[in-house]
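**Student:** Below is the file work-v7.txt, with compact mmCIF, C-alpha atoms.
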```txt
# COMPACT_ATOMS: atom_id res chain seq x y z
CA MET M 1 -12.69 -9.86 36.22
CA LYS M 2 -13.77 -12.90 34.21
CA VAL M 3 -12.49 -16.25 35.48
CA LEU M 4 -10.68 -18.20 32.75
CA THR M 5 -11.74 -21.77 32.19
CA ALA M 6 -9.28 -24.55 32.88
CA THR M 7 -9.58 -25.66 29.28
CA ARG M 8 -8.62 -22.26 27.92
CA LEU M 9 -5.82 -21.83 30.42
CA GLY M 10 -4.46 -25.19 29.41
CA ALA M 11 -4.61 -24.23 25.75
CA ILE M 12 -3.06 -20.82 26.23
CA GLY M 13 -0.85 -20.88 29.30
CA ILE M 14 -0.10 -17.68 31.19
CA LEU M 15 3.45 -17.57 29.87
CA MET M 16 2.79 -19.00 26.44
CA SER M 17 4.00 -16.93 23.49
CA THR M 18 1.27 -15.46 21.28
CA ALA M 19 3.28 -16.63 18.29
CA ALA M 20 1.86 -20.10 18.94
CA LEU M 21 -1.74 -18.87 18.73
CA ALA M 22 -3.76 -18.42 15.56
CA GLN M 23 -5.09 -14.94 14.87
CA ASP M 24 -8.63 -16.33 15.02
CA ASP M 25 -7.99 -17.55 18.57
CA LEU M 26 -6.86 -14.09 19.64
CA ASP M 27 -9.84 -12.47 17.91
CA THR M 28 -12.28 -14.27 20.21
CA MET M 29 -10.51 -13.53 23.49
CA THR M 30 -11.76 -11.18 26.17
CA PRO M 31 -9.51 -8.45 27.60
CA GLU M 32 -8.93 -10.63 30.67
CA GLU M 33 -7.70 -13.45 28.45
CA LEU M 34 -5.53 -11.18 26.32
CA LEU M 35 -3.89 -9.45 29.27
CA PRO M 36 -1.30 -12.08 30.36
CA LEU M 37 -0.28 -12.61 26.76
CA ALA M 38 -0.01 -8.84 26.19
CA GLN M 39 2.08 -8.45 29.35
CA GLU M 40 4.41 -11.14 28.05
CA GLU M 41 4.82 -9.13 24.82
CA GLY M 42 5.49 -6.06 26.93
CA THR M 43 5.07 -3.38 24.28
CA VAL M 44 2.75 -2.23 21.52
CA THR M 45 3.10 0.44 18.82
CA VAL M 46 0.34 2.67 17.46
CA TYR M 47 0.42 4.92 14.40
CA SER M 48 -2.23 7.56 15.10
CA PHE M 49 -3.57 10.40 12.98
CA THR M 50 -4.39 12.38 16.12
CA SER M 51 -2.10 13.75 18.81
CA ARG M 52 -4.64 12.57 21.36
CA ILE M 53 -2.82 9.23 21.28
CA GLY M 54 -0.56 10.73 23.98
CA ARG M 55 -3.44 10.77 26.44
CA VAL M 56 -4.40 7.25 25.44
CA GLU M 57 -0.84 6.10 26.07
CA THR M 58 -0.89 7.42 29.63
CA ALA M 59 -4.33 5.99 30.41
CA PHE M 60 -3.58 2.57 28.90
CA GLU M 61 -0.34 2.15 30.81
CA GLU M 62 -2.13 3.05 34.04
CA ALA M 63 -4.85 0.48 33.31
CA TYR M 64 -2.44 -2.23 32.17
CA PRO M 65 0.93 -1.96 33.97
CA GLY M 66 3.75 -3.81 32.32
CA ILE M 67 2.75 -2.94 28.75
CA ASP M 68 4.56 -0.03 27.10
CA LEU M 69 2.32 1.71 24.58
CA GLN M 70 4.36 3.67 22.05
CA GLY M 71 2.14 6.12 20.20
CA PHE M 72 3.27 8.05 17.12
CA ASP M 73 1.31 11.07 15.90
CA ILE M 74 1.39 10.70 12.10
CA SER M 75 -1.13 12.18 9.67
CA SER M 76 -3.27 9.79 7.66
CA THR M 77 -1.51 10.77 4.43
CA GLU M 78 1.90 10.10 5.99
CA GLN M 79 0.70 6.86 7.55
CA ILE M 80 -0.47 5.48 4.23
CA ALA M 81 2.86 6.33 2.60
CA ARG M 82 4.91 4.97 5.52
CA LEU M 83 2.96 1.72 5.87
CA THR M 84 3.17 1.12 2.13
CA ALA M 85 6.93 1.66 2.16
CA GLU M 86 7.39 -0.55 5.20
CA ALA M 87 5.36 -3.33 3.60
CA GLN M 88 7.46 -3.13 0.43
CA ALA M 89 10.57 -3.44 2.61
CA GLY M 90 9.11 -6.41 4.47
CA VAL M 91 9.03 -4.49 7.75
CA THR M 92 6.23 -4.21 10.32
CA ASN M 93 6.72 -1.34 12.76
CA ALA M 94 3.13 -0.56 13.77
CA ASP M 95 0.86 -3.01 15.57
CA ILE M 96 -2.19 -0.75 15.35
CA ILE M 97 -3.23 1.80 12.76
CA TYR M 98 -5.54 4.62 13.85
CA VAL M 99 -6.32 6.48 10.67
CA SER M 100 -8.88 8.42 8.64
CA ASP M 101 -8.91 9.04 4.86
CA VAL M 102 -10.82 5.79 4.30
CA PRO M 103 -11.20 6.26 0.52
CA VAL M 104 -7.44 5.68 0.23
CA VAL M 105 -7.04 3.32 3.19
CA LEU M 106 -9.36 0.70 1.70
CA PRO M 107 -7.47 0.12 -1.57
CA ALA M 108 -3.97 1.11 -0.43
CA LEU M 109 -3.86 -0.69 2.92
CA LEU M 110 -6.76 -3.11 3.39
CA GLU M 111 -7.02 -4.54 -0.14
CA ALA M 112 -3.22 -4.56 -0.36
CA GLY M 113 -3.10 -6.82 2.69
CA ILE M 114 -1.16 -4.36 4.86
CA ILE M 115 -3.85 -3.99 7.53
CA ALA M 116 -6.60 -6.25 8.84
CA ASN M 117 -9.94 -5.68 10.54
CA TYR M 118 -10.51 -6.49 14.19
CA VAL M 119 -13.71 -5.92 16.18
CA PRO M 120 -13.37 -6.55 19.93
CA PRO M 121 -16.00 -9.16 20.85
CA ARG M 122 -16.86 -7.23 24.02
CA VAL M 123 -18.43 -4.36 22.02
CA ALA M 124 -19.48 -6.11 18.81
CA ASP M 125 -23.17 -6.06 19.74
CA ARG M 126 -23.02 -2.31 20.44
CA VAL M 127 -21.46 -1.08 17.21
CA PRO M 128 -23.71 -0.91 14.12
CA ALA M 129 -22.73 -3.26 11.30
CA GLU M 130 -21.91 -0.32 9.00
CA PHE M 131 -19.12 0.67 11.42
CA GLN M 132 -17.68 -2.84 11.79
CA SER M 133 -16.94 -3.63 8.17
CA PRO M 134 -14.81 -3.45 6.13
CA LEU M 135 -12.93 -1.77 9.01
CA LEU M 136 -13.87 -0.83 12.56
CA ALA M 137 -14.86 2.81 13.02
CA GLN M 138 -14.25 4.03 16.56
CA ARG M 139 -15.92 7.40 15.95
CA LEU M 140 -17.00 9.83 13.28
CA SER M 141 -14.80 12.88 12.74
CA THR M 142 -15.28 16.01 10.64
CA LYS M 143 -13.87 18.65 8.35
CA VAL M 144 -16.36 21.50 8.46
CA LEU M 145 -16.63 25.26 8.16
CA MET M 146 -15.86 26.95 11.48
CA TYR M 147 -16.11 30.57 12.57
CA ASN M 148 -15.14 32.76 15.53
CA GLU M 149 -18.14 32.96 17.84
CA GLU M 150 -16.63 35.74 19.98
CA ALA M 151 -16.55 38.03 16.94
CA ASN M 152 -19.92 36.69 15.71
CA PRO M 153 -22.12 36.26 18.81
CA ASP M 154 -25.29 36.10 16.70
CA GLY M 155 -24.13 33.05 14.77
CA SER M 156 -22.17 32.18 11.68
CA PRO M 157 -21.33 35.08 9.35
CA VAL M 158 -21.66 32.62 6.47
CA THR M 159 -24.99 31.03 5.61
CA ASN M 160 -24.22 29.65 2.14
CA LEU M 161 -20.95 28.12 0.93
CA TRP M 162 -21.07 30.22 -2.23
CA GLN M 163 -20.62 33.35 -0.11
CA LEU M 164 -17.02 32.21 0.33
CA THR M 165 -16.45 32.98 -3.36
CA THR M 166 -17.58 36.63 -3.05
CA ASP M 167 -15.53 39.77 -2.49
CA ASP M 168 -16.63 39.90 1.15
CA TRP M 169 -14.56 36.75 1.82
CA ARG M 170 -11.65 37.36 -0.52
CA GLY M 171 -8.49 36.23 1.28
CA ARG M 172 -10.50 35.38 4.40
CA VAL M 173 -11.04 31.62 4.02
CA VAL M 174 -8.42 29.27 5.48
CA MET M 175 -7.86 25.58 4.86
CA VAL M 176 -5.11 22.99 5.04
CA ASP M 177 -3.72 22.24 1.58
CA PRO M 178 -5.89 19.38 0.22
CA LEU M 179 -2.88 17.95 -1.59
CA GLN M 180 -1.08 17.54 1.74
CA ARG M 181 -3.88 16.17 3.92
CA GLY M 182 -6.27 13.61 2.53
CA ASP M 183 -9.28 14.54 4.69
CA TYR M 184 -9.35 17.97 3.06
CA LEU M 185 -9.14 16.43 -0.40
CA ASP M 186 -12.06 14.22 0.60
CA LEU M 187 -13.94 17.42 1.50
CA MET M 188 -13.29 18.94 -1.91
CA THR M 189 -14.27 15.67 -3.57
CA GLU M 190 -17.54 15.51 -1.66
CA ILE M 191 -18.39 19.03 -2.81
CA VAL M 192 -18.12 17.77 -6.38
CA LEU M 193 -20.13 14.65 -5.61
CA ARG M 194 -22.84 16.92 -4.21
CA SER M 195 -22.94 19.14 -7.30
CA GLY M 196 -26.71 18.96 -7.48
CA GLU M 197 -26.97 20.52 -4.03
CA MET M 198 -24.25 23.03 -4.87
CA ASP M 199 -26.23 24.02 -7.97
CA GLU M 200 -29.34 24.66 -5.87
CA ALA M 201 -27.32 26.58 -3.27
CA TYR M 202 -25.87 28.82 -6.00
CA GLU M 203 -29.33 29.78 -7.24
CA ALA M 204 -30.50 30.39 -3.66
CA GLN M 205 -27.54 32.70 -3.04
CA PHE M 206 -27.41 34.62 -6.31
CA GLY M 207 -30.97 34.32 -7.62
CA GLN M 208 -30.00 32.88 -10.98
CA ALA M 209 -28.85 29.62 -12.53
CA ILE M 210 -25.15 28.88 -12.36
CA ASP M 211 -22.88 29.54 -15.33
CA LEU M 212 -20.39 26.66 -15.27
CA ASP M 213 -17.97 28.65 -17.44
CA GLY M 214 -16.01 25.59 -18.51
CA ALA M 215 -16.34 23.61 -15.27
CA ALA M 216 -17.81 20.13 -15.44
CA ASN M 217 -20.35 20.78 -12.68
CA ALA M 218 -21.30 23.12 -9.86
CA GLY M 219 -18.91 21.50 -7.39
CA GLU M 220 -15.91 22.03 -9.64
CA ARG M 221 -17.07 25.60 -10.31
CA PHE M 222 -17.15 26.25 -6.56
CA ILE M 223 -13.63 24.91 -6.05
CA MET M 224 -12.32 27.00 -8.94
CA ASP M 225 -14.02 30.14 -7.63
CA LEU M 226 -12.86 29.48 -4.07
CA PHE M 227 -9.22 29.23 -5.10
CA ALA M 228 -9.59 32.28 -7.34
CA ASN M 229 -10.89 34.20 -4.32
CA ASP M 230 -7.45 34.02 -2.65
CA LEU M 231 -8.09 30.94 -0.53
CA ILE M 232 -5.39 30.73 2.16
CA LEU M 233 -3.71 27.31 2.34
CA VAL M 234 -1.81 26.38 5.49
CA GLY M 235 0.18 23.40 6.70
CA SER M 236 -1.84 22.11 9.64
CA THR M 237 -5.26 22.09 11.25
CA ASP M 238 -3.86 24.06 14.20
CA ASP M 239 -2.86 26.81 11.77
CA VAL M 240 -6.50 27.03 10.69
CA ASN M 241 -7.73 27.00 14.28
CA ILE M 242 -5.44 29.84 15.34
CA ALA M 243 -6.29 31.99 12.33
CA VAL M 244 -10.03 31.51 12.71
CA GLY M 245 -10.51 31.01 16.42
CA ALA M 246 -8.03 33.28 18.22
CA ILE M 247 -9.92 35.57 20.58
CA GLY M 248 -9.63 39.34 20.31
CA GLN M 249 -10.11 39.55 16.53
CA GLU M 250 -12.44 42.15 15.03
CA ASN M 251 -12.87 40.62 11.59
CA PRO M 252 -11.54 37.05 11.67
CA PRO M 253 -11.54 34.66 8.72
CA VAL M 254 -13.51 31.44 8.55
CA GLY M 255 -11.98 28.09 7.78
CA PHE M 256 -12.45 24.37 7.29
CA THR M 257 -11.21 22.39 10.28
CA SER M 258 -12.29 19.73 12.79
CA TYR M 259 -15.44 20.43 14.77
CA SER M 260 -13.95 18.54 17.72
CA ASP M 261 -11.14 21.11 18.02
CA ARG M 262 -13.62 23.23 19.98
CA ARG M 263 -12.46 21.08 22.92
CA ASP M 264 -9.31 23.25 23.02
CA ASN M 265 -11.08 26.62 23.02
CA GLU M 266 -10.46 27.36 26.68
CA ASP M 267 -6.90 26.06 26.81
CA GLU M 268 -5.77 27.69 23.56
CA GLY M 269 -7.68 30.97 23.72
CA TRP M 270 -9.92 30.15 20.78
CA ALA M 271 -13.60 30.81 20.08
CA LEU M 272 -14.23 28.16 17.41
CA GLN M 273 -17.78 27.18 16.52
CA VAL M 274 -19.28 25.14 13.69
CA ALA M 275 -21.36 26.84 10.99
CA ASN M 276 -23.96 24.08 11.12
CA GLY M 277 -26.65 26.14 9.39
CA VAL M 278 -24.66 26.86 6.23
CA GLU M 279 -26.22 25.71 2.95
CA PRO M 280 -26.01 23.16 1.49
CA ALA M 281 -23.73 21.70 4.19
CA PRO M 282 -20.81 22.87 6.34
CA GLY M 283 -18.52 20.03 5.24
CA ILE M 284 -18.07 16.31 5.77
CA ILE M 285 -18.30 13.67 8.48
CA PHE M 286 -16.22 10.53 8.10
CA PRO M 287 -15.05 7.48 10.06
CA ALA M 288 -11.91 7.30 12.20
CA ILE M 289 -10.64 3.75 11.75
CA LEU M 290 -8.89 1.30 14.07
CA ALA M 291 -7.11 -1.64 12.44
CA LEU M 292 -4.39 -4.19 13.06
CA SER M 293 -1.28 -4.65 11.01
CA THR M 294 -1.76 -7.89 9.12
CA GLU M 295 1.16 -9.43 11.01
CA PRO M 296 1.53 -7.37 14.22
CA ASN M 297 4.64 -7.92 16.31
CA ASN M 298 2.51 -7.80 19.44
CA PRO M 299 -0.86 -9.26 18.45
CA ALA M 300 -2.35 -9.70 21.94
CA ALA M 301 -1.37 -6.22 23.12
CA ALA M 302 -2.64 -4.76 19.85
CA ARG M 303 -6.08 -6.26 20.37
CA LEU M 304 -6.10 -5.12 23.98
CA VAL M 305 -5.38 -1.52 22.90
CA ILE M 306 -8.18 -1.54 20.32
CA ASP M 307 -10.56 -2.87 22.96
CA PHE M 308 -9.39 -0.08 25.29
CA LEU M 309 -9.93 2.58 22.63
CA MET M 310 -13.52 1.43 22.16
CA GLY M 311 -14.28 2.44 25.75
CA ASP M 312 -15.14 0.61 28.95
CA GLU M 313 -18.50 -0.17 30.56
CA THR M 314 -19.02 3.25 32.16
CA GLU M 315 -21.56 5.69 30.75
CA THR M 316 -19.09 7.74 28.72
CA GLY M 317 -16.54 5.03 27.92
CA GLY M 318 -13.93 5.74 30.59
CA PRO M 319 -10.28 6.73 30.12
CA GLY M 320 -9.75 4.93 26.81
CA LEU M 321 -12.49 6.91 25.13
CA ALA M 322 -12.16 10.11 27.16
CA PRO M 323 -9.90 11.95 24.64
CA PHE M 324 -12.56 11.38 21.97
CA TYR M 325 -15.71 11.88 24.01
CA VAL M 326 -15.86 15.56 23.10
CA ALA M 327 -18.25 17.83 21.26
CA GLY M 328 -17.67 17.31 17.56
CA ASP M 329 -16.68 13.63 17.69
CA TYR M 330 -19.43 11.05 17.42
CA VAL M 331 -18.67 7.71 19.08
CA THR M 332 -19.97 4.72 17.14
CA ARG M 333 -21.03 2.70 20.18
CA THR M 334 -24.81 2.85 20.50
CA ASP M 335 -24.81 2.52 24.29
CA ILE M 336 -22.77 5.69 24.88
CA PRO M 337 -24.86 8.87 24.80
CA PRO M 338 -23.79 11.80 22.61
CA HIS M 339 -21.66 14.49 24.19
CA PRO M 340 -24.07 17.04 25.72
CA ASP M 341 -22.31 20.06 24.18
CA ALA M 342 -22.39 18.71 20.62
CA VAL M 343 -24.90 19.33 17.88
CA PRO M 344 -26.91 16.07 17.93
CA LEU M 345 -25.88 13.79 15.09
CA ASP M 346 -29.41 13.81 13.69
CA ASP M 347 -29.26 17.62 13.53
CA PHE M 348 -25.71 17.83 12.22
CA THR M 349 -25.94 18.86 8.56
CA ALA M 350 -22.47 17.79 7.35
CA TRP M 351 -22.40 15.34 4.45
CA ARG M 352 -21.51 11.76 5.40
CA ILE M 353 -19.02 10.50 2.85
CA THR M 354 -19.29 7.20 0.99
CA PRO M 355 -15.63 6.13 0.69
CA ALA M 356 -16.12 4.02 -2.42
CA GLU M 357 -17.73 6.92 -4.27
CA THR M 358 -15.07 9.34 -3.05
CA ALA M 359 -12.33 7.04 -4.31
CA LYS M 360 -13.73 7.06 -7.86
CA ILE M 361 -13.01 10.74 -8.55
CA ARG M 362 -10.60 11.71 -5.77
CA ALA M 363 -7.50 11.68 -7.97
CA GLU M 364 -9.29 13.74 -10.60
CA ILE M 365 -10.18 16.41 -8.01
CA GLY M 366 -6.59 16.37 -6.81
CA ASP M 367 -5.45 17.07 -10.36
CA LEU M 368 -7.91 19.96 -10.60
CA ILE M 369 -6.62 21.50 -7.37
CA LEU M 370 -3.04 21.11 -8.56
CA THR M 371 -3.84 23.27 -11.59
CA LEU M 372 -5.38 25.93 -9.33
CA GLN M 373 -2.45 26.37 -6.96
```
Let me see the file written as structure tokens.
**Tutor:**
Amino acid sequence: MKVLTATRLGAIGILMSTAALAQDDLDTMTPEELLPLAQEEGTVTVYSFTSRIGRVETAFEEAYPGIDLQGFDISSTEQIARLTAEAQAGVTNADIIYVSDVPVVLPALLEAGIIANYVPPRVADRVPAEFQSPLLAQRLSTKVLMYNEEANPDGSPVTNLWQLTTDDWRGRVVMVDPLQRGDYLDLMTEIVLRSGEMDEAYEAQFGQAIDLDGAANAGERFIMDLFANDLILVGSTDDVNIAVGAIGQENPPVGFTSYSDRRDNEDEGWALQVANGVEPAPGIIFPAILALSTEPNNPAAARLVIDFLMGDETETGGPGLAPFYVAGDYVTRTDIPPHPDAVPLDDFTAWRITPAETAKIRAEIGDLILTLQ
């Protein structure tokens, strides 16, 4: 453990309230320096878009006794709405926001002054600049086409996204409603942004140029044809995973879900696998963001939790990163090796989204989907 200097101890004081410290002072502190202040606060609240926050809660409280981590599993879409409403009411309930759907988070939360960026100084030299600003990305997550590898031992039954619009896959493609979960709307938006690639994939699949038939581009044509082919919309990612991955099926559907959900195959009786070879891409890869509330109730504990979630000094990041060090999640720290069971990031063919570009047409794609439901 780092020994605190007498000067810093005199300035801080073990029992001194963090209310007397400037945010900039807290931003430069090590975990050892934050700890006594966090223990004085005694609690910290996290809004998390993943249920894995439960494992983090247990591990954090074991590592830092005396601090009660309260984690709430709330989807990114719900988080954005809740945080906006709380800000309008002048209330701060969450100290930390763990969220995806960055195309909406940037304007709705960051630019609105509801959340603030924080990069733990301990790991700043091991996270690429692109993942430190405007908000800290802990890892890269996915929404990609998955199939049942028990029923398809030779590989994905789909090799081109346009096959999903054919009679062979009518009523056999599953996805969470994009109007209910922002990550899936980001997926649909990226398909439109990649219309050039979708155009080429159409010709490769059908041997002729695409007839847009009133659509603005090949991406919109794909979305229209997919919905017309009896796309099955469900309420949660687990619903997709069960439908696609449940073992014992003879002719299972395929579906768009999280690649990292393969971690639950053994426990849940699934056989999920990513269709990484599908043309032009199986889906999207996007950042999972950690941020502070602009005025957290427990600022020292909040920073300590974010530091914890970025992993310790062991090879795979220790207990704080353990729930996310799985095949299908890609940790942003450069000193932590990729999970051995994952498709290497350089070989992973999912599109990496550009949040600013997604934000430009996202509402328009939402309107299109609304007309198709």
**Student:** Record the distance separating CA of Thr189 in chain M and CA of Gly155 in chain M, expressed in Å with one decimal.
**Tutor:**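 CA of Gly155 in chain M lies at a distance of 27.1 Å from CA of Thr189 in chain M.
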**Student:** Excluding Glu268 in chain M and residues on its chain fewer than 5 positions from it, collect all residues at most 10 Å away from it, counting only C-alpha atoms, and give them as number ranges by chain.
**Tutor:** M: 241-242, 245-247, 262-263
**Student:** Quick one: of M:Val123, M:Ala342, M:Ala243, M:Ala215, who's nearest to Gly328 in chain M, counting only C-alpha atoms?
**Tutor:**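 Among the listed residues, M:Ala342 lies closest to Gly328 in chain M.
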**Student:** Tell me which of M:Ala59, M:Met146, M:Ile336, M:Ile80 sits closest to Thr314 in chain M, counting all atoms listed in the file.
**Tutor:**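 Of M:Ala59, M:Met146, M:Ile336, M:Ile80, the one nearest Thr314 in chain M is M:Ile336, counting all atoms listed in the file.
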**Student:** Please identify every residue of range 278-344 of chain M that has at least one atom no farther than 12 Å from an atom of range 199-213 of chain M, counting only C-alpha atoms, and for each give the shortest atom pair and the distance in Å to one decimal, arranged by chain then increasing number, as a Markdown table.
**Tutor:**
```
| residue | atom | partner | partner_atom | distance |
| --- | --- | --- | --- | --- |
| M:Val278 | CA | M:Ala201 | CA | 9.9 |
| M:Glu279 | CA | M:Ala201 | CA | 6.4 |
| M:Pro280 | CA | M:Ala201 | CA | 6.0 |
| M:Ala281 | CA | M:Ala201 | CA | 9.6 |
```
**Student:** Pick out the residues sitting within 6 Å of Ala359 in chain M, and hand them over as a ChimeraX atom specification; count only C-alpha atoms, and ignore anything fewer than 3 positions along from it in its own chain.
**Tutor:** /M:103,356,362
**Student:** Report the closest atom pair, with its distance in Å rounded to one decimal, for each residue of range 260-328 of chain M that has an atom no farther than 7 Å from range 30-41 of chain M; count all atoms listed in the file, sort by chain and then rising residue number, and write it as a Markdown table.
**Tutor:**
```
| residue | atom | partner | partner_atom | distance |
| --- | --- | --- | --- | --- |
| M:Asn298 | CA | M:Glu41 | CA | 6.0 |
| M:Ala300 | CA | M:Ala38 | CA | 4.9 |
| M:Ala301 | CA | M:Ala38 | CA | 4.3 |
| M:Leu304 | CA | M:Pro31 | CA | 6.0 |
```
**Student:** Please report the interatomic distance between CA of Glu220 in chain M and CA of Phe286 in chain M in Å with one decimal.
**Tutor:** 21.1 Å
**Student:** Identify the residues around (0.1, 11.4, 7.2) within a radius of 9 Å, measuring from only C-alpha atoms in the coordinates stated by the file, and give them as a list in words.
**Tutor:** Phe49, Asp73, Ile74, Ser75, Ser76, Thr77, Glu78, Gln79, Ile80, Ala81, Arg82, Val99, Gln180, Arg181 and Gly182 of chain M
**Student:** Rounded to one decimal place, report the CA of Ser195 in chain M-CA of Gln163 in chain M distance in Å.
**Tutor:** 16.1 Å
**Student:** I need the residue nearest Ile67 in chain M from this list: M:Val234, M:Leu290, M:Asp154, M:Val305. Use all atoms listed in the file for the distance.
**Tutor:** M:Val305
**Student:** For Pro296 in chain M, which of M:Leu233, M:Val192, M:Ile115, M:Leu164 is the closest residue, counting all atoms listed in the file?
**Tutor:**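 Among the listed residues, the smallest separation from Pro296 in chain M belongs to M:Ile115.
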**Student:** Which residue gives the smallest distance to Met188 in chain M among M:Leu110, M:Ile223, M:Ile285, M:Leu145, with all atoms listed in the file counted?
**Tutor:**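 That would be M:Ile223, the residue with the smallest distance to Met188 in chain M.
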**Student:** Could you list, as an MDAnalysis selection string, every residue within 10 Å of Leu370 in chain M, counting all atoms listed in the file and ignoring same-chain residues fewer than 6 positions away?
**Tutor:** chainID M and resid 178:179 364
**Student:** Considering all atoms listed in the file, state which residue in the set M:Val240, M:Glu61, M:Arg333, M:Leu109 is at the smallest distance from Asp312 in chain M.
**Tutor:** M:Arg333
**Student:** Residues within 10 Å of Gly317 in chain M, please, as a compact mmCIF listing (two decimals) with C-alpha atoms, in the frame of the given file. Count all atoms listed in the file; anything in the same chain fewer than 5 positions from it doesn't count.
**Tutor:**
```
# COMPACT_ATOMS: atom_id res chain seq x y z
CA PHE M 308 -9.39 -0.08 25.29
CA LEU M 309 -9.93 2.58 22.63
CA MET M 310 -13.52 1.43 22.16
CA GLY M 311 -14.28 2.44 25.75
CA ASP M 312 -15.14 0.61 28.95
CA ALA M 322 -12.16 10.11 27.16
CA PHE M 324 -12.56 11.38 21.97
CA TYR M 325 -15.71 11.88 24.01
CA VAL M 331 -18.67 7.71 19.08
CA ARG M 333 -21.03 2.70 20.18
CA ASP M 335 -24.81 2.52 24.29
CA ILE M 336 -22.77 5.69 24.88
CA PRO M 337 -24.86 8.87 24.80
```
**Student:** Please determine an axis-aligned box that encloses all atoms of range 320-328 of chain M listed in the file, with 8 Å added on each side, and express its centre and edge lengths in Å to one decimal as AutoDock Vina command-line options.
**Tutor:**
```
--center_x -14.0 --center_y 11.4 --center_z 22.4 --size_x 24.5 --size_y 28.9 --size_z 25.6
```
**Student:** With 12 Å as the threshold, what does the neighbourhood of (-19.8, -6.4, 18.5) contain in terms of residues, counting all atoms listed in the file? Coordinates are those of the file; answer as a list of chain:residue names.
**Tutor:**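 Residues lying no farther than 12 Å from the given point: M:Asp27, M:Thr28, M:Tyr118, M:Val119, M:Pro120, M:Pro121, M:Arg122, M:Val123, M:Ala124, M:Asp125, M:Arg126, M:Val127, M:Pro128, M:Ala129, M:Glu130, M:Phe131, M:Gln132, M:Ser133, M:Leu136, M:Ala137, M:Gln138, M:Asp307, M:Met310, M:Thr332, M:Arg333, M:Thr334, M:Asp335.
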**Student:** For the residues selected in the previous step, produce a file with C-alpha atoms as a compact mmCIF listing (two decimals), keeping the file's coordinate frame.
**Tutor:**
```txt
# COMPACT_ATOMS: atom_id res chain seq x y z
CA ASP M 27 -9.84 -12.47 17.91
CA THR M 28 -12.28 -14.27 20.21
CA TYR M 118 -10.51 -6.49 14.19
CA VAL M 119 -13.71 -5.92 16.18
CA PRO M 120 -13.37 -6.55 19.93
CA PRO M 121 -16.00 -9.16 20.85
CA ARG M 122 -16.86 -7.23 24.02
CA VAL M 123 -18.43 -4.36 22.02
CA ALA M 124 -19.48 -6.11 18.81
CA ASP M 125 -23.17 -6.06 19.74
CA ARG M 126 -23.02 -2.31 20.44
CA VAL M 127 -21.46 -1.08 17.21
CA PRO M 128 -23.71 -0.91 14.12
CA ALA M 129 -22.73 -3.26 11.30
CA GLU M 130 -21.91 -0.32 9.00
CA PHE M 131 -19.12 0.67 11.42
CA GLN M 132 -17.68 -2.84 11.79
CA SER M 133 -16.94 -3.63 8.17
CA LEU M 136 -13.87 -0.83 12.56
CA ALA M 137 -14.86 2.81 13.02
CA GLN M 138 -14.25 4.03 16.56
CA ASP M 307 -10.56 -2.87 22.96
CA MET M 310 -13.52 1.43 22.16
CA THR M 332 -19.97 4.72 17.14
CA ARG M 333 -21.03 2.70 20.18
CA THR M 334 -24.81 2.85 20.50
CA ASP M 335 -24.81 2.52 24.29
```
